[in-house]
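Asker: Before I ask anything, here is the structure I am working with.
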Amino acid sequence: MTNLAHTDSTHEPSLRSWIDSANDPETDFPIQNLPFGVFRVAGTDQRPRIGVAIGECVLDLHRCATEGLLGSVEPEPCCALSATTLNDFLALGRPAWRATRAAVSDLLSASGSRRSDVQALGESILLKRADAELLLPARIGDYTDFYASIHHATNVGSMFRPQNPLLPNYKHLPVGYHGRASSIVISGTPVRRPYGQTMAEGQPGPVYGPCRLLDYELEMGFFVGPANQRGRPVGMATASDHIFGLAIVNDWSARDIQKWEYQPLGPFCAKNFATTISPWVVTLEALEPYRNAGPRRGDDDPPLLEYLQPVQEMGYDITVEAYLSSKRMRDEGMQPLRLSRGTLADMYWTIAQMLVHHTSTGCNLAPGDLLATGTISGKAQTTRGCLLELTWRGEKPLTLPDGTKRSFLDDGDEVIMRAWCHREGAARIGFGECRGIVLPAE
């Protein structure tokens, strides 16, 4: 059943936009979505601007604010929307986000009161997405990646610890590590194969050279809104007030480097060379119809400590997919091969629990910080969200449409990730794409 407890007129599935492409049933960006991002006109050095995706277009929110088109939105949010990143807007919190969403929905609705005002401004306020260069949506000061899929953790653990795949802490707390914010890149940015130190089986010592076992990880990430004060943990009751929205994340991973370095402190150089994110942030407001109670704990699972006990529904029905396209496939006009399809609903921990545990020591998160879920995998082989699982550590290679095989990524391979939500009684909304081509090591 669709969760309608926190929906409003902006979610109404019958709502239509005067922008025809937003009414396509297959679009990721109907008027019910309205995700936020940052863009400039492609091929220019224009100052970056905050925008909203609608169909095949981008609405310039800076221009909307300066033209007085945002109705009852207060001056502070209007000022924040004139910045070059979303950080100031994220800091304002849910009342400002909701008011802005309602105003933008009215601007773009076929029955909205300001339709003619937007149309009169033409391309100066409404740009085709194909003509926009999309940038990182926020100034990401810190990045944390979790390990929230019990299926992924069990699969990986069973490869290396068959008798004890899950470590003792896994069902008690959301496990994570601090990633590298400076190497987060926007979709479409090529990723260079990293060098690193590896240790081959049976060899007397490690060597330094190009990664041989390059992998992707299909994840979702979420952006932090208002900060919490250092020394003041966030509770489950208010966790959603500190989460602005979600985007697709590809946590590129050098498996051979990771295997050698991860003990005793976990991932380091194997994860610090690149993380790719999709450009559009789908807000929690847009995701309201797709909320659920979150993952059900097993009958034999240990009880949660009180600070992690759910007090509201904070699971989300988000379908995620990963595709692979080799250079030869692209040259010969072949379609990308879908590798997996999973769902965020399979995760063992919710995004609220991740944020709450992160702050449980009093750690202070800041607007624009990015937290990612870790690889999204389910029980079935077709839902495994990385090549390490799909090929079972390389022992069962995949065959691509061009006849070549893959255990891990080759130079020239392009990884494409997509995500969307669809439930009965609600419009389909999507996240766009998260893409990256592997370049050879230099």
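Every chain in the structure tokens takes a letter, A first, then B, and so on in the order presented; its residues are numbered from 1, and the ligands are numbered from 1 following the presented order.
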If you count only C-alpha atoms, which residues fall within 12 Å of Asp88 in chain A, apart from same-chain ones fewer than 5 positions away, as a PyMOL selection string?

Answerer: chain A and resi 50+76-83+93+96-97+137-139+224-227+244+366-368

Asker: I'd like the neighbourhood of range 289-292 of chain A as a compact mmCIF listing (two decimals) with C-alpha atoms, in the first residue's frame, where a residue qualifies if any of its atoms comes within 10 Å (using only C-alpha atoms), though same-chain residues fewer than 4 positions away should be ignored.

Answerer:
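Wrote it out as result14.txt, contents follow:
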```
# COMPACT_ATOMS: atom_id res chain seq x y z
CA MET A 1 0.00 0.00 0.00
CA THR A 2 1.14 3.53 -0.73
CA ASN A 3 2.04 5.60 2.31
CA LEU A 4 -0.07 8.75 2.11
CA ALA A 5 0.39 9.94 5.68
CA HIS A 6 2.74 12.78 4.75
CA THR A 7 1.78 13.52 1.16
CA ASP A 8 0.14 16.69 -0.16
CA HIS A 11 2.33 14.31 -4.90
CA GLU A 12 -1.06 13.95 -6.59
CA LEU A 284 12.58 13.18 1.06
CA GLU A 285 9.43 15.17 0.29
CA GLN A 312 8.63 6.33 12.14
CA GLU A 313 8.77 4.72 8.73
CA MET A 314 12.17 5.47 7.18
CA GLY A 315 12.60 2.68 4.65
CA TYR A 316 12.15 3.48 0.95
CA ASP A 317 11.05 1.40 -2.04
CA ILE A 318 13.76 2.47 -4.50
CA ALA A 345 14.07 -2.07 0.70
CA CYS A 421 10.35 4.55 -7.46
CA HIS A 422 6.91 3.36 -8.52
CA ARG A 423 3.98 2.23 -6.40
CA GLU A 424 0.28 1.88 -7.01
CA GLY A 425 -1.45 5.18 -6.37
CA ALA A 426 1.68 7.27 -6.91
CA ALA A 427 3.53 8.67 -9.92
CA ARG A 428 6.76 7.08 -11.07
CA ILE A 429 9.79 9.22 -10.19
```

Asker: Considering only C-alpha atoms, return as a PyMOL selection string whatever protein or nucleic-acid residues lie within 10 Å of Arg212 in chain A, sequence-local ones (same chain, fewer than 2 positions apart) excluded.

Answerer: chain A and resi 193-196+198+209-210+214-215+254-257+408-410

Asker: Please dump the current selection as an mmCIF file, in the first residue's frame; keep N, CA and C atoms.

Answerer:
```cif
data_model
loop_
_atom_site.group_PDB
_atom_site.id
_atom_site.type_symbol
_atom_site.label_atom_id
_atom_site.label_comp_id
_atom_site.auth_asym_id
_atom_site.auth_seq_id
_atom_site.Cartn_x
_atom_site.Cartn_y
_atom_site.Cartn_z
ATOM 1 N N ARG A 193 42.021 4.159 -13.740
ATOM 2 C CA ARG A 193 42.390 2.946 -12.999
ATOM 3 C C ARG A 193 43.532 3.290 -12.035
ATOM 4 N N PRO A 194 43.347 2.973 -10.741
ATOM 5 C CA PRO A 194 44.362 3.381 -9.771
ATOM 6 C C PRO A 194 45.563 2.436 -9.722
ATOM 7 N N TYR A 195 46.675 2.973 -9.259
ATOM 8 C CA TYR A 195 47.806 2.170 -8.837
ATOM 9 C C TYR A 195 47.630 1.842 -7.358
ATOM 10 N N GLY A 196 48.328 0.815 -6.911
ATOM 11 C CA GLY A 196 48.289 0.501 -5.494
ATOM 12 C C GLY A 196 49.204 -0.658 -5.154
ATOM 13 N N THR A 198 49.639 -4.359 -3.800
ATOM 14 C CA THR A 198 48.880 -5.600 -3.738
ATOM 15 C C THR A 198 49.795 -6.753 -3.343
ATOM 16 N N GLY A 209 51.617 -1.470 -8.455
ATOM 17 C CA GLY A 209 51.283 -1.400 -9.872
ATOM 18 C C GLY A 209 49.816 -1.131 -10.067
ATOM 19 N N PRO A 210 49.351 -1.147 -11.323
ATOM 20 C CA PRO A 210 47.940 -0.868 -11.589
ATOM 21 C C PRO A 210 47.017 -1.907 -10.948
ATOM 22 N N LEU A 214 39.411 -4.146 -10.570
ATOM 23 C CA LEU A 214 38.615 -2.932 -10.376
ATOM 24 C C LEU A 214 37.133 -3.283 -10.426
ATOM 25 N N ASP A 215 36.374 -2.711 -9.494
ATOM 26 C CA ASP A 215 34.960 -3.043 -9.328
ATOM 27 C C ASP A 215 34.153 -1.766 -9.145
ATOM 28 N N ALA A 254 38.927 -0.948 -5.610
ATOM 29 C CA ALA A 254 40.067 -1.721 -6.099
ATOM 30 C C ALA A 254 40.201 -2.945 -5.199
ATOM 31 N N ARG A 255 39.642 -4.063 -5.634
ATOM 32 C CA ARG A 255 39.508 -5.225 -4.748
ATOM 33 C C ARG A 255 40.847 -5.832 -4.350
ATOM 34 N N ASP A 256 41.836 -5.850 -5.275
ATOM 35 C CA ASP A 256 43.132 -6.432 -4.914
ATOM 36 C C ASP A 256 43.879 -5.541 -3.930
ATOM 37 N N ILE A 257 43.758 -4.228 -4.100
ATOM 38 C CA ILE A 257 44.355 -3.308 -3.132
ATOM 39 C C ILE A 257 43.646 -3.437 -1.780
ATOM 40 N N PHE A 408 36.193 -8.711 -13.549
ATOM 41 C CA PHE A 408 36.224 -7.348 -13.022
ATOM 42 C C PHE A 408 36.291 -6.402 -14.215
ATOM 43 N N LEU A 409 36.379 -5.110 -13.968
ATOM 44 C CA LEU A 409 36.252 -4.124 -15.032
ATOM 45 C C LEU A 409 37.522 -4.009 -15.868
ATOM 46 N N ASP A 410 37.333 -3.893 -17.201
ATOM 47 C CA ASP A 410 38.428 -3.633 -18.128
ATOM 48 C C ASP A 410 38.491 -2.148 -18.439
#
```

Asker: What lies within 9 Å of range 31-33 of chain A using only C-alpha atoms, ignoring chain neighbours under 5 positions off, as a PyMOL selection string?

Answerer: chain A and resi 10-13+15-17+22-23+53-55+105+108-109+282-283+285-287+426-430

Asker: Can you write just those residues out, C-alpha atoms, as an mmCIF file, in the first residue's frame?

Answerer:
```cif
data_model
loop_
_atom_site.group_PDB
_atom_site.id
_atom_site.type_symbol
_atom_site.label_atom_id
_atom_site.label_comp_id
_atom_site.auth_asym_id
_atom_site.auth_seq_id
_atom_site.Cartn_x
_atom_site.Cartn_y
_atom_site.Cartn_z
ATOM 1 C CA THR A 10 2.437 18.138 -4.921
ATOM 2 C CA HIS A 11 2.332 14.307 -4.903
ATOM 3 C CA GLU A 12 -1.062 13.953 -6.591
ATOM 4 C CA PRO A 13 -0.558 11.389 -9.393
ATOM 5 C CA LEU A 15 -0.987 16.454 -11.483
ATOM 6 C CA ARG A 16 0.284 17.564 -14.903
ATOM 7 C CA SER A 17 2.848 20.121 -16.035
ATOM 8 C CA ALA A 22 7.325 16.090 -17.773
ATOM 9 C CA ASN A 23 4.099 14.201 -18.540
ATOM 10 C CA ALA A 53 14.839 19.036 -13.121
ATOM 11 C CA ILE A 54 11.453 18.887 -14.830
ATOM 12 C CA GLY A 55 10.990 16.548 -17.791
ATOM 13 C CA SER A 105 5.153 22.893 -8.228
ATOM 14 C CA LEU A 108 5.275 24.246 -13.338
ATOM 15 C CA SER A 109 1.732 22.945 -12.930
ATOM 16 C CA VAL A 282 15.582 13.593 -4.994
ATOM 17 C CA THR A 283 14.159 15.080 -1.811
ATOM 18 C CA GLU A 285 9.429 15.171 0.289
ATOM 19 C CA ALA A 286 9.287 13.646 -3.204
ATOM 20 C CA LEU A 287 9.912 10.182 -1.704
ATOM 21 C CA ALA A 426 1.675 7.270 -6.914
ATOM 22 C CA ALA A 427 3.527 8.669 -9.919
ATOM 23 C CA ARG A 428 6.761 7.077 -11.065
ATOM 24 C CA ILE A 429 9.793 9.216 -10.194
ATOM 25 C CA GLY A 430 13.462 8.599 -10.914
#
```

Asker: In Å, with one decimal, what is the gap from CA of Leu107 in chain A to CA of Leu70 in chain A?

Answerer: 8.0 Å

Asker: By how many Å are CA of Arg129 in chain A and CA of Glu56 in chain A apart?

Answerer: 5.6 Å

Asker: What's the separation between CA of Ser325 in chain A and CA of Leu337 in chain A, in Å to one decimal place?

Answerer: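 Distance reported for this atom pair: 6.4 Å.
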
Asker: Using only C-alpha atoms, can you tell me which of A:Ser253, A:Ser360, A:Gln229, A:Gln263 comes closest to Glu306 in chain A?

Answerer: A:Ser360

Asker: Check range 204-247 of chain A with DSSP on the backbone and list each residue it calls strand (DSSP E or B), as JSON, numbers by chain.

Answerer: {"A": [207, 208, 209, 210, 214, 215, 218, 219, 220, 221, 222, 223, 224, 243, 244, 245, 246, 247]}

Asker: Using only C-alpha atoms, which residues sit within 12 Å of Val185 in chain A once same-chain residues fewer than 4 positions away are excluded, as JSON, numbers by chain?

Answerer: {"A": [134, 135, 136, 137, 138, 139, 140, 180, 181, 189, 190, 191, 192, 248, 249, 250, 251, 252, 272, 273, 274, 275, 276, 277, 278, 279, 434, 435, 436]}

Asker: When you look at Arg230 in chain A with a cut-off of 12 Å (counting only C-alpha atoms), what residues show up, excluding the ones that are within fewer than 6 positions of it in the same chain? I need them as a count of residues only.

Answerer: 9
